[in-house]
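> Please read through the structure below; I'll follow up with questions.
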There are 2 protein chains.
Amino acid sequence: MNAEIICVGTELLLGDVVNTNAVHIAKGLAAAGINVYYQSVVGDNPQRLKDSIRLAFKRSDLIVMTGGLGPTYDDLTKETVAEYFGRKMKLHQPSLDHLNEVFNKFYSGQYKKMTENNVKQAYMPRGAVVFDNKNGTAPGLAVTDGNKTAVLMPGPPREMVPMFDNQVLPYLSRDSKKVLVSKNIYIFGMGESAVEDMLHDYMLSMDNPTIAPYARTGEMYLRVTASADNKGQAEEMLSPVVDKIQNLIGDYIYGIDVGNLETAVVRKLKEKNLMVGTAESCTGGWVSKQITGVEGSSEVFGCGVCAYANETKIKVLGVKKETLAQFGAVSFETAREMAAGIRKISGADIGISVTGIAGPGGGTEQKPVGLVYIGIDSKSLTETLELTLSRGYQNERDHIRYTATLRALHSILRAANAF
Amino acid sequence: MNAEIICVGTELLLGDVVNTNAVHIAKGLAAAGINVYYQSVVGDNPQRLKDSIRLAFKRSDLIVMTGGLGPTYDDLTKETVAEYFGRKMKLHQPSLDHLNEVFNKFYSGQYKKMTENNVKQAYMPRGAVVFDNKNGTAPGLAVTDGNKTAVLMPGPPREMVPMFDNQVLPYLSRDSKKVLVSKNIYIFGMGESAVEDMLHDYMLSMDNPTIAPYARTGEMYLRVTASADNKGQAEEMLSPVVDKIQNLIGDYIYGIDVGNLETAVVRKLKEKNLMVGTAESCTGGWVSKQITGVEGSSEVFGCGVCAYANETKIKVLGVKKETLAQFGAVSFETAREMAAGIRKISGADIGISVTGIAGPGGGTEQKPVGLVYIGIDSKSLTETLELTLSRGYQNERDHIRYTATLRALHSILRAANAF
């Protein structure tokens with residue numbers, strides 16, 4: 001089946017909002033074996049919306065749309081699709097009940113009573129399949145005629161994402177006798193092109209399971225997907241492929257189905273019953289921010305110090321004045337003392353430190369922008385890494401800080417693994 | 001002039017990459033008075049790419065494209081556009097020189113010598129205007145025939161953004177006698193719909209300058225744009241409009257042309273010669289991470305403590321054991337002592353603290369998920385705010401932490417203003 005994604009909203013056309021919905025839908029459809037050949041964005045304009053739907057159905061059998069399901073006069077997606085399919089609109093009582101409930105629960109005073117235009121959200125084209133919306137007011141829907149299907153979902157990602165994952169994807173796969181199961185293999189320290197180089201022939205030789213590389217800032221992952229008659233069979237097919245990849249690049253794999261580096265860190269520390277403390281200069285708290293973004297991180301993290309000034313490095317972390325005077329704040333020696341210092345004051349098993357020059361100012365010939373030291377202090381592993389993170393481009397402050405954060409997280413993982 | 005944006009790349013179709021380019025281009029074109037009616041994404045497929053260009057030129061005079069300018073066999077945008085316009089490809093010597101220079105400078109050993117397929121990037125359709133690429137290898141270009149123009153830029157945002165801002169936009173406005181000047185008015189603490197409600201009639205009544213609202217997570221800004229014969233005249237036209245908006249909602253305006261809250265904070269602290277110290281529990285370092293993201297922030301920030309555990313609150317920040325025992329970590333009293341503590345140990349003029357329940361676990365009936373306290377301690381302003389940041393949706397940990405971070409930054413600004 002071929003599909004197109006149409007995102008509706010003048011705010012997308014004007015660039016007020018980044019279109020994260022298209023990414024999420026494209027990924028989900030690809031994993032379900034549905035080919036996406038086009039994505040488009042149109043404004044809240046009935047004629048252009050109609051033209052886009054007509055064009056898309058000429059090229060594809062499935063259109064997945066987001067946006068334009070709200071209560072206001074310029075929310076027109078549902079009505080335009082109903083017109084395309086020649087269906088009348090009809091009140092969907094469960095949706096109206098849900099709307100009343102939401103207004104009762106979350107609004108107060110004069111706003112408790114739903115206004116007339118909100119009722120519009122409960123009207124559906126005849127014969128539509130309705131997807132209820134647990135995270136907002138506008139329900140989603142699917143309309144089918146022959147081999148043409150339109151799926152409509154609300155625009156806000158926090159409403160669209162769970163609806164797509166839990167209701168739309170199962171709906172689209174309802175006729176499929178096959179089950180798709182994926183494993184995501186997370187890789188750090190090896191670029192996408194290096195991984196592709198290494199696995200190129202193997203990836204091409206594979207038909208089922210398939211292997212697809214996904215790049216992210218500073219890291220990447222491989223998704224291995226098997227199609228089979230049932231889950232057990234799919235998992236049996238995945239297992240030798242995952243093993244083979246682990247044999248080839250195992251040193252760079254930090255987790256399977258773990259989602260991201262910080263989650264891998266928190267899980268590993270929990271598993272080994274360890275605590276970590278952070279001492280950050282140039283990353284300014286980004287490492288601790290990432291760790292504490294993971295639910296339940298308080299079991300493995302209790303104390304971080306953002307030692308931006310030399311005074312803080314001395315007073316709070318116990319870095320020696322002489323060290324700073326002799327080697328400077330951005331040095332092997334300072335990183336080492338910062339890591340030892342935070343381990344001591346936090347009482348953690350692993351102390352991690354980051355100190356560097358994020359730029360754009362502050363660089364010298366000896367210590368250029370992008371020079372970063374990461375210190376690790378623990379019973380199992382004590383070392384200091386020197387990194388040069390500049391790529392010679394402009395405006396790299398964020399890139400340098402984020403890359404240093406990822407390297408620090410990866411260093412915590414390595415230290416934990418050494419226990 | 002009507003325009004369309006076409007982003008080329010299978011990685012966009014598959015959802016591997018979020019399309020931030022489209023947003024940036026859409027914003028820039030809108031500000032330049034160019035209407036964007038469609039955006040689309042196509043894969044690296046020559047036939048579908050050709051179809052998309054043909055369709056777009058039926059509807060629009062200008063196509064702005066990104067991606068597919070690289071060295072590999074599936075980078076086909078330039079060749080497809082050349083074919084559409086019936087132009088032969090020709091070596092562009094300055095682009096080849098630049099390529100050689102980049103390879104010499106950033107690569108070493110065997111990679112210093114450019115491979116044959118890289119030379120492809122220096123070939124241009126005859127008659128093209130070439131935009132050099134200071135941040136990568138593939139140059140951009142524009143091809144015009146009659147009233148139809150195609151602009152092609154590389155896909156990586158760090159290459160595309162400066163090329164678009166500094167070269168493409170001036171190129172597209174080259175025939176315009178008018179100058180467009182904008183002022184961005186940054187607003188915090190008032191939602192987009194409330195601002196629109198308040199300014200609705202005024203915004204509709206304006207033709208030149210125009211006023212456009214832009215929403216961002218937890219904040220928003222208004223862009224006021226004047227079109228005039230020269231910059232001075234445009235600025236004269238802007239000034240009474242900005243004044244009027246300041247009269248109407250001045251309490252909520254935190255800066256003009258300041259970019260974001262953290263930059264406003266750093267600027268204000270510099271201006272008043274003040275330092276701030278941060279003590280964070282539930283935000284885990286996000287406040288200090290934002291502050292230190294601003295270049296030159298070391299002048300106003302030297303010390304932050306991420307006091308995730310109670311022990312750290314006691315040992316490092318000097319919160320009283322009894323306070324924690326009697327009122328708990330998430331309380332007015334603890335927030336107050338954390339703010340006073342960080343002010344003391346950092347020696348800063350302003351101490352700011354955040355403590356709360358980010359969820360999804362840890363909430364109780366008395367202290368539900370989303371309850372956050374922000375403490376401010378300074379000579380000019382000492383207060384504690386109680387916030388309830390949950391909206392009743394699922395997976396709000398990030399939302400709660402980010403909103404708390406913004407409120408903390410805004411509190412620093414208020415404290416600095418009170419000096």
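Letters A, B, ... mark the chains of the structure tokens in the order given; residue numbers begin at 1 per chain; ligand numbers begin at 1, in order shown.
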Output the contact residues of chain A with respect to chain B at a cut-off of 6 Å, based on only C-alpha atoms, as a ChimeraX atom specification.

/A:14-16,18,23,26-27,38-42,135,214,284-286,288-289,292,302-309,312,393

> Write out as a ChimeraX atom specification each polymer residue whose atoms come within 9 Å of segment 374-381 of chain B, counting only C-alpha atoms; drop sequence neighbours fewer than 6 positions from it.

/B:332-343,348-356,387,404,407-408,411-412,414-419

> If you measure from atom CA of Ser331 of chain A to atom CA of Glu386 of chain A, what distance in Å do you get, rounded to one decimal?

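Atom CA of Glu386 of chain A lies 8.5 Å from atom CA of Ser331 of chain A.
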
> For a test of reading the model, state the distance in Å between atom CA of Gly191 of chain A and atom CA of Glu219 of chain A, rounded to one decimal.

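Separating atom CA of Gly191 of chain A from atom CA of Glu219 of chain A is a distance of 7.0 Å.
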
> Using only C-alpha atoms, which residue out of A:Pro154, A:Gly127, A:Gly232, A:Pro94 lies closest to Ala82 of chain A?

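Using only C-alpha atoms, the shortest distance to Ala82 of chain A belongs to A:Gly127.
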
> Restricting the calculation to only C-alpha atoms: of B:Ile357, B:Thr137, B:Val8, B:Leu55, which residue gets closest to Gly155 of chain B?

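Among the listed residues, the smallest separation from Gly155 of chain B belongs to B:Val8.
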
> Between A:Ile249, A:Ser390, A:Lys58, A:Lys344, single out the one closest to Val319 of chain A, counting only C-alpha atoms.

A:Lys344

> What does the distance between atom CA of Thr388 of chain B and atom CA of Lys268 of chain B come to in Å, to one decimal place?

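Separation of atom CA of Thr388 of chain B and atom CA of Lys268 of chain B: 27.5 Å.
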
> Out of segment 300-408 of chain B, which residues get strand (DSSP E or B) from DSSP, as a PyMOL selection string?

chain B and resi 301-307+350-356+371-378+383-388

> With N, CA and C atoms retained, could you export that selection as a PDB file, in the first residue's frame?


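Output below, filename selection-v4.pdb:
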```
ATOM      1  N   PHE B 301      26.973  34.194  35.957  1.00  0.00           N
ATOM      2  CA  PHE B 301      26.657  32.914  36.590  1.00  0.00           C
ATOM      3  C   PHE B 301      27.948  32.164  36.895  1.00  0.00           C
ATOM      4  N   GLY B 302      28.093  31.683  38.122  1.00  0.00           N
ATOM      5  CA  GLY B 302      29.322  30.977  38.461  1.00  0.00           C
ATOM      6  C   GLY B 302      29.101  29.659  39.167  1.00  0.00           C
ATOM      7  N   CYS B 303      27.889  29.483  39.746  1.00  0.00           N
ATOM      8  CA  CYS B 303      27.672  28.303  40.585  1.00  0.00           C
ATOM      9  C   CYS B 303      26.219  27.861  40.595  1.00  0.00           C
ATOM     10  N   GLY B 304      26.013  26.592  40.328  1.00  0.00           N
ATOM     11  CA  GLY B 304      24.690  26.002  40.427  1.00  0.00           C
ATOM     12  C   GLY B 304      24.796  24.664  41.126  1.00  0.00           C
ATOM     13  N   VAL B 305      23.770  24.310  41.871  1.00  0.00           N
ATOM     14  CA  VAL B 305      23.766  23.001  42.524  1.00  0.00           C
ATOM     15  C   VAL B 305      22.501  22.267  42.114  1.00  0.00           C
ATOM     16  N   CYS B 306      22.697  21.049  41.644  1.00  0.00           N
ATOM     17  CA  CYS B 306      21.549  20.205  41.364  1.00  0.00           C
ATOM     18  C   CYS B 306      21.352  19.313  42.566  1.00  0.00           C
ATOM     19  N   ALA B 307      20.415  19.739  43.424  1.00  0.00           N
ATOM     20  CA  ALA B 307      20.214  19.046  44.702  1.00  0.00           C
ATOM     21  C   ALA B 307      19.023  18.127  44.577  1.00  0.00           C
ATOM     22  N   ILE B 350      21.554  37.072  43.463  1.00  0.00           N
ATOM     23  CA  ILE B 350      20.224  36.462  43.397  1.00  0.00           C
ATOM     24  C   ILE B 350      20.382  34.947  43.498  1.00  0.00           C
ATOM     25  N   GLY B 351      19.630  34.353  44.415  1.00  0.00           N
ATOM     26  CA  GLY B 351      19.572  32.899  44.484  1.00  0.00           C
ATOM     27  C   GLY B 351      18.209  32.447  44.002  1.00  0.00           C
ATOM     28  N   ILE B 352      18.188  31.429  43.145  1.00  0.00           N
ATOM     29  CA  ILE B 352      16.911  30.925  42.634  1.00  0.00           C
ATOM     30  C   ILE B 352      16.853  29.431  42.892  1.00  0.00           C
ATOM     31  N   SER B 353      15.681  28.932  43.296  1.00  0.00           N
ATOM     32  CA  SER B 353      15.554  27.492  43.540  1.00  0.00           C
ATOM     33  C   SER B 353      14.293  26.943  42.885  1.00  0.00           C
ATOM     34  N   VAL B 354      14.355  25.663  42.531  1.00  0.00           N
ATOM     35  CA  VAL B 354      13.186  24.968  41.983  1.00  0.00           C
ATOM     36  C   VAL B 354      13.077  23.615  42.656  1.00  0.00           C
ATOM     37  N   THR B 355      11.923  23.332  43.223  1.00  0.00           N
ATOM     38  CA  THR B 355      11.688  21.995  43.776  1.00  0.00           C
ATOM     39  C   THR B 355      10.243  21.608  43.478  1.00  0.00           C
ATOM     40  N   GLY B 356      10.034  20.399  42.992  1.00  0.00           N
ATOM     41  CA  GLY B 356       8.677  20.017  42.621  1.00  0.00           C
ATOM     42  C   GLY B 356       8.565  18.560  42.268  1.00  0.00           C
ATOM     43  N   LEU B 371       3.093  19.923  40.976  1.00  0.00           N
ATOM     44  CA  LEU B 371       3.264  20.947  42.013  1.00  0.00           C
ATOM     45  C   LEU B 371       4.741  21.345  42.075  1.00  0.00           C
ATOM     46  N   VAL B 372       5.016  22.620  41.901  1.00  0.00           N
ATOM     47  CA  VAL B 372       6.403  23.099  41.865  1.00  0.00           C
ATOM     48  C   VAL B 372       6.512  24.390  42.687  1.00  0.00           C
ATOM     49  N   TYR B 373       7.579  24.493  43.458  1.00  0.00           N
ATOM     50  CA  TYR B 373       7.861  25.745  44.169  1.00  0.00           C
ATOM     51  C   TYR B 373       9.126  26.376  43.607  1.00  0.00           C
ATOM     52  N   ILE B 374       9.064  27.684  43.415  1.00  0.00           N
ATOM     53  CA  ILE B 374      10.242  28.423  42.965  1.00  0.00           C
ATOM     54  C   ILE B 374      10.566  29.461  44.022  1.00  0.00           C
ATOM     55  N   GLY B 375      11.796  29.404  44.524  1.00  0.00           N
ATOM     56  CA  GLY B 375      12.217  30.367  45.541  1.00  0.00           C
ATOM     57  C   GLY B 375      13.170  31.398  44.952  1.00  0.00           C
ATOM     58  N   ILE B 376      12.982  32.644  45.356  1.00  0.00           N
ATOM     59  CA  ILE B 376      13.886  33.714  44.932  1.00  0.00           C
ATOM     60  C   ILE B 376      14.432  34.369  46.184  1.00  0.00           C
ATOM     61  N   ASP B 377      15.742  34.518  46.237  1.00  0.00           N
ATOM     62  CA  ASP B 377      16.340  35.177  47.389  1.00  0.00           C
ATOM     63  C   ASP B 377      17.309  36.241  46.904  1.00  0.00           C
ATOM     64  N   SER B 378      17.045  37.484  47.280  1.00  0.00           N
ATOM     65  CA  SER B 378      17.951  38.574  46.911  1.00  0.00           C
ATOM     66  C   SER B 378      17.666  39.760  47.818  1.00  0.00           C
ATOM     67  N   GLU B 383      10.856  35.926  47.518  1.00  0.00           N
ATOM     68  CA  GLU B 383       9.510  35.364  47.510  1.00  0.00           C
ATOM     69  C   GLU B 383       9.548  33.931  47.038  1.00  0.00           C
ATOM     70  N   THR B 384       8.451  33.231  47.276  1.00  0.00           N
ATOM     71  CA  THR B 384       8.341  31.842  46.829  1.00  0.00           C
ATOM     72  C   THR B 384       7.033  31.696  46.070  1.00  0.00           C
ATOM     73  N   LEU B 385       7.135  31.078  44.899  1.00  0.00           N
ATOM     74  CA  LEU B 385       5.949  30.876  44.073  1.00  0.00           C
ATOM     75  C   LEU B 385       5.503  29.429  44.144  1.00  0.00           C
ATOM     76  N   GLU B 386       4.190  29.229  44.215  1.00  0.00           N
ATOM     77  CA  GLU B 386       3.648  27.877  44.109  1.00  0.00           C
ATOM     78  C   GLU B 386       2.985  27.737  42.750  1.00  0.00           C
ATOM     79  N   LEU B 387       3.394  26.724  41.992  1.00  0.00           N
ATOM     80  CA  LEU B 387       2.842  26.534  40.652  1.00  0.00           C
ATOM     81  C   LEU B 387       2.208  25.151  40.553  1.00  0.00           C
ATOM     82  N   THR B 388       1.124  25.045  39.811  1.00  0.00           N
ATOM     83  CA  THR B 388       0.558  23.729  39.495  1.00  0.00           C
ATOM     84  C   THR B 388       0.604  23.595  37.983  1.00  0.00           C
TER      85      THR B 388
END
```

> Extract, using only C-alpha atoms, all DNA, RNA and protein residues at most 12 Å from Val179 of chain B, discarding same-chain residues fewer than 3 positions from it, and format them as a PyMOL selection string.

chain B and resi 31-33+170+173-176+182+209+225-235

> Export, as a CSV table (one decimal), in the first residue's frame, the selected residues with N, CA, C and O atoms.


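Full text of out.csv as output:
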```csv
chain,number,residue,atom,x,y,z
B,31,ALA,N,8.1,36.7,6.1
B,31,ALA,CA,8.6,38.0,6.5
B,31,ALA,C,9.0,38.9,5.3
B,31,ALA,O,8.9,40.1,5.4
B,32,ALA,N,9.4,38.2,4.2
B,32,ALA,CA,9.8,39.0,3.0
B,32,ALA,C,8.5,39.2,2.2
B,32,ALA,O,8.7,39.7,1.0
B,33,GLY,N,7.4,38.9,2.7
B,33,GLY,CA,6.1,39.2,1.9
B,33,GLY,C,5.9,38.2,0.8
B,33,GLY,O,5.1,38.5,-0.1
B,170,PRO,N,18.3,38.0,0.5
B,170,PRO,CA,18.7,39.2,-0.3
B,170,PRO,C,18.5,39.0,-1.8
B,170,PRO,O,18.1,39.9,-2.5
B,173,SER,N,15.0,39.3,-2.7
B,173,SER,CA,14.4,40.7,-2.6
B,173,SER,C,15.2,41.7,-3.4
B,173,SER,O,15.0,42.9,-3.3
B,174,ARG,N,16.0,41.2,-4.4
B,174,ARG,CA,16.9,42.1,-5.1
B,174,ARG,C,16.1,43.2,-5.9
B,174,ARG,O,16.6,44.3,-6.1
B,175,ASP,N,14.9,42.8,-6.4
B,175,ASP,CA,14.2,43.8,-7.2
B,175,ASP,C,13.3,44.6,-6.5
B,175,ASP,O,12.7,45.6,-7.0
B,176,SER,N,13.1,44.3,-5.2
B,176,SER,CA,12.2,45.1,-4.4
B,176,SER,C,12.7,46.4,-4.0
B,176,SER,O,13.9,46.5,-3.5
B,182,SER,N,11.6,44.3,10.9
B,182,SER,CA,10.8,43.7,12.0
B,182,SER,C,11.3,44.0,13.4
B,182,SER,O,12.5,44.1,13.6
B,209,PRO,N,2.5,48.9,9.5
B,209,PRO,CA,3.1,47.6,9.9
B,209,PRO,C,2.0,46.5,10.1
B,209,PRO,O,0.9,46.8,10.5
B,225,THR,N,6.1,44.0,11.6
B,225,THR,CA,6.9,44.2,10.4
B,225,THR,C,6.4,45.4,9.6
B,225,THR,O,5.2,45.5,9.3
B,226,ALA,N,7.3,46.3,9.3
B,226,ALA,CA,6.9,47.5,8.5
B,226,ALA,C,7.6,47.4,7.1
B,226,ALA,O,8.8,47.0,7.0
B,227,SER,N,7.0,47.8,6.1
B,227,SER,CA,7.5,47.9,4.7
B,227,SER,C,7.6,49.4,4.4
B,227,SER,O,6.6,50.1,4.4
B,228,ALA,N,8.8,49.8,4.0
B,228,ALA,CA,9.0,51.2,3.7
B,228,ALA,C,10.1,51.4,2.7
B,228,ALA,O,10.7,50.5,2.2
B,229,ASP,N,10.4,52.7,2.3
B,229,ASP,CA,11.4,52.9,1.3
B,229,ASP,C,12.8,52.8,1.8
B,229,ASP,O,13.7,52.5,1.0
B,230,ASN,N,13.0,53.0,3.1
B,230,ASN,CA,14.3,52.8,3.7
B,230,ASN,C,14.1,52.4,5.1
B,230,ASN,O,13.0,52.4,5.7
B,231,LYS,N,15.3,52.0,5.7
B,231,LYS,CA,15.3,51.5,7.1
B,231,LYS,C,14.7,52.5,8.1
B,231,LYS,O,14.0,52.2,9.0
B,232,GLY,N,15.2,53.8,8.0
B,232,GLY,CA,14.8,54.8,8.9
B,232,GLY,C,13.3,55.0,8.9
B,232,GLY,O,12.7,55.0,10.0
B,233,GLN,N,12.7,55.0,7.7
B,233,GLN,CA,11.3,55.2,7.6
B,233,GLN,C,10.5,54.0,8.3
B,233,GLN,O,9.6,54.2,9.0
B,234,ALA,N,11.0,52.8,8.0
B,234,ALA,CA,10.4,51.6,8.5
B,234,ALA,C,10.4,51.7,10.1
B,234,ALA,O,9.4,51.4,10.7
B,235,GLU,N,11.6,52.1,10.6
B,235,GLU,CA,11.7,52.1,12.1
B,235,GLU,C,10.8,53.2,12.7
B,235,GLU,O,10.2,53.0,13.7
```

> Please identify which residues in segment 275-317 of chain B DSSP calls helix (DSSP H, G or I) from the backbone, and express them as a list in words.

Trp286, Val287, Ser288, Lys289, Gln290, Ile291, Thr292, Ser297, Ser298, Glu299, Asn310, Glu311, Thr312, Lys313, Ile314 and Lys315 of chain B

> Store the residues of this selection in a file with all heavy atoms, as a CSV table (one decimal), in the first residue's frame.


```csv
chain,number,residue,atom,x,y,z
B,286,TRP,N,18.3,22.1,34.4
B,286,TRP,CA,17.8,22.7,33.1
B,286,TRP,C,18.0,24.2,33.2
B,286,TRP,O,18.3,24.8,32.2
B,286,TRP,CB,16.4,22.3,32.9
B,286,TRP,CG,15.9,22.2,31.5
B,286,TRP,CD1,16.4,23.0,30.5
B,286,TRP,CD2,15.0,21.4,30.9
B,286,TRP,NE1,15.8,22.7,29.3
B,286,TRP,CE2,14.9,21.7,29.5
B,286,TRP,CE3,14.1,20.4,31.4
B,286,TRP,CZ2,14.0,21.1,28.6
B,286,TRP,CZ3,13.3,19.7,30.5
B,286,TRP,CH2,13.2,20.1,29.1
B,287,VAL,N,17.8,24.8,34.4
B,287,VAL,CA,17.9,26.3,34.5
B,287,VAL,C,19.3,26.7,34.2
B,287,VAL,O,19.6,27.6,33.4
B,287,VAL,CB,17.4,26.8,35.8
B,287,VAL,CG1,17.6,28.3,36.0
B,287,VAL,CG2,16.0,26.4,36.1
B,288,SER,N,20.3,26.0,34.8
B,288,SER,CA,21.7,26.4,34.6
B,288,SER,C,22.1,26.1,33.2
B,288,SER,O,22.9,26.8,32.6
B,288,SER,CB,22.6,25.8,35.6
B,288,SER,OG,22.5,24.4,35.6
B,289,LYS,N,21.6,25.0,32.6
B,289,LYS,CA,21.9,24.7,31.2
B,289,LYS,C,21.4,25.8,30.3
B,289,LYS,O,22.1,26.1,29.4
B,289,LYS,CB,21.2,23.3,30.9
B,289,LYS,CG,21.5,22.9,29.5
B,289,LYS,CD,20.2,22.7,28.7
B,289,LYS,CE,20.4,22.9,27.2
B,289,LYS,NZ,19.2,22.9,26.5
B,290,GLN,N,20.2,26.3,30.5
B,290,GLN,CA,19.7,27.4,29.7
B,290,GLN,C,20.6,28.6,29.8
B,290,GLN,O,20.9,29.3,28.8
B,290,GLN,CB,18.3,27.7,30.0
B,290,GLN,CG,17.2,26.6,29.7
B,290,GLN,CD,17.2,26.2,28.3
B,290,GLN,OE1,17.8,25.2,27.9
B,290,GLN,NE2,16.5,27.0,27.4
B,291,ILE,N,20.9,29.0,31.0
B,291,ILE,CA,21.7,30.2,31.3
B,291,ILE,C,23.0,30.1,30.6
B,291,ILE,O,23.5,31.0,29.9
B,291,ILE,CB,21.8,30.5,32.8
B,291,ILE,CG1,20.5,30.9,33.4
B,291,ILE,CG2,22.8,31.6,33.0
B,291,ILE,CD1,20.5,31.0,34.9
B,292,THR,N,23.7,29.0,30.8
B,292,THR,CA,25.0,28.8,30.3
B,292,THR,C,25.0,28.6,28.8
B,292,THR,O,26.1,28.5,28.1
B,292,THR,CB,25.8,27.7,31.0
B,292,THR,OG1,25.0,26.4,30.9
B,292,THR,CG2,26.0,28.0,32.4
B,297,SER,N,27.8,34.0,29.5
B,297,SER,CA,27.1,33.9,30.7
B,297,SER,C,28.0,33.8,31.9
B,297,SER,O,27.5,34.0,33.0
B,297,SER,CB,26.1,32.7,30.6
B,297,SER,OG,26.8,31.6,30.1
B,298,SER,N,29.3,33.5,31.7
B,298,SER,CA,30.1,33.4,32.9
B,298,SER,C,30.3,34.7,33.6
B,298,SER,O,30.6,34.7,34.8
B,298,SER,CB,31.5,32.9,32.5
B,298,SER,OG,32.1,33.7,31.5
B,299,GLU,N,29.9,35.8,33.0
B,299,GLU,CA,29.9,37.1,33.7
B,299,GLU,C,28.8,37.2,34.8
B,299,GLU,O,28.9,38.0,35.7
B,299,GLU,CB,29.8,38.2,32.7
B,299,GLU,CG,31.0,38.5,32.0
B,299,GLU,CD,30.8,39.7,31.0
B,299,GLU,OE1,30.2,40.7,31.3
B,299,GLU,OE2,31.2,39.5,29.8
B,310,ASN,N,17.7,14.7,49.2
B,310,ASN,CA,17.5,15.5,50.4
B,310,ASN,C,18.9,15.8,51.0
B,310,ASN,O,19.1,16.9,51.5
B,310,ASN,CB,16.6,14.8,51.4
B,310,ASN,CG,15.1,15.1,51.0
B,310,ASN,OD1,14.8,15.9,50.1
B,310,ASN,ND2,14.2,14.4,51.7
B,311,GLU,N,19.7,14.7,51.0
B,311,GLU,CA,21.0,14.9,51.6
B,311,GLU,C,21.8,16.0,51.0
B,311,GLU,O,22.5,16.7,51.7
B,311,GLU,CB,21.8,13.6,51.3
B,311,GLU,CG,22.2,12.8,52.5
B,311,GLU,CD,23.1,11.6,52.0
B,311,GLU,OE1,22.4,10.6,51.7
B,311,GLU,OE2,24.3,11.8,52.0
B,312,THR,N,21.7,16.2,49.7
B,312,THR,CA,22.4,17.3,49.0
B,312,THR,C,21.8,18.6,49.4
B,312,THR,O,22.5,19.6,49.6
B,312,THR,CB,22.3,17.1,47.5
B,312,THR,OG1,22.8,15.8,47.1
B,312,THR,CG2,23.2,18.1,46.8
B,313,LYS,N,20.5,18.6,49.5
B,313,LYS,CA,19.8,19.9,50.0
B,313,LYS,C,20.4,20.3,51.4
B,313,LYS,O,20.6,21.5,51.6
B,313,LYS,CB,18.3,19.7,50.0
B,313,LYS,CG,17.7,19.5,48.7
B,313,LYS,CD,16.1,19.4,48.8
B,313,LYS,CE,15.5,19.1,47.4
B,313,LYS,NZ,15.5,17.7,47.0
B,314,ILE,N,20.6,19.3,52.2
B,314,ILE,CA,21.1,19.6,53.6
B,314,ILE,C,22.6,19.9,53.6
B,314,ILE,O,23.0,21.0,54.0
B,314,ILE,CB,20.8,18.4,54.5
B,314,ILE,CG1,19.3,18.1,54.7
B,314,ILE,CG2,21.5,18.6,55.9
B,314,ILE,CD1,19.0,16.7,55.3
B,315,LYS,N,23.3,19.0,53.0
B,315,LYS,CA,24.8,19.1,53.1
B,315,LYS,C,25.4,20.2,52.2
B,315,LYS,O,26.3,20.9,52.7
B,315,LYS,CB,25.4,17.7,52.6
B,315,LYS,CG,26.5,17.2,53.5
B,315,LYS,CD,26.9,15.8,53.0
B,315,LYS,CE,28.2,15.9,52.3
B,315,LYS,NZ,28.7,14.5,51.8
```
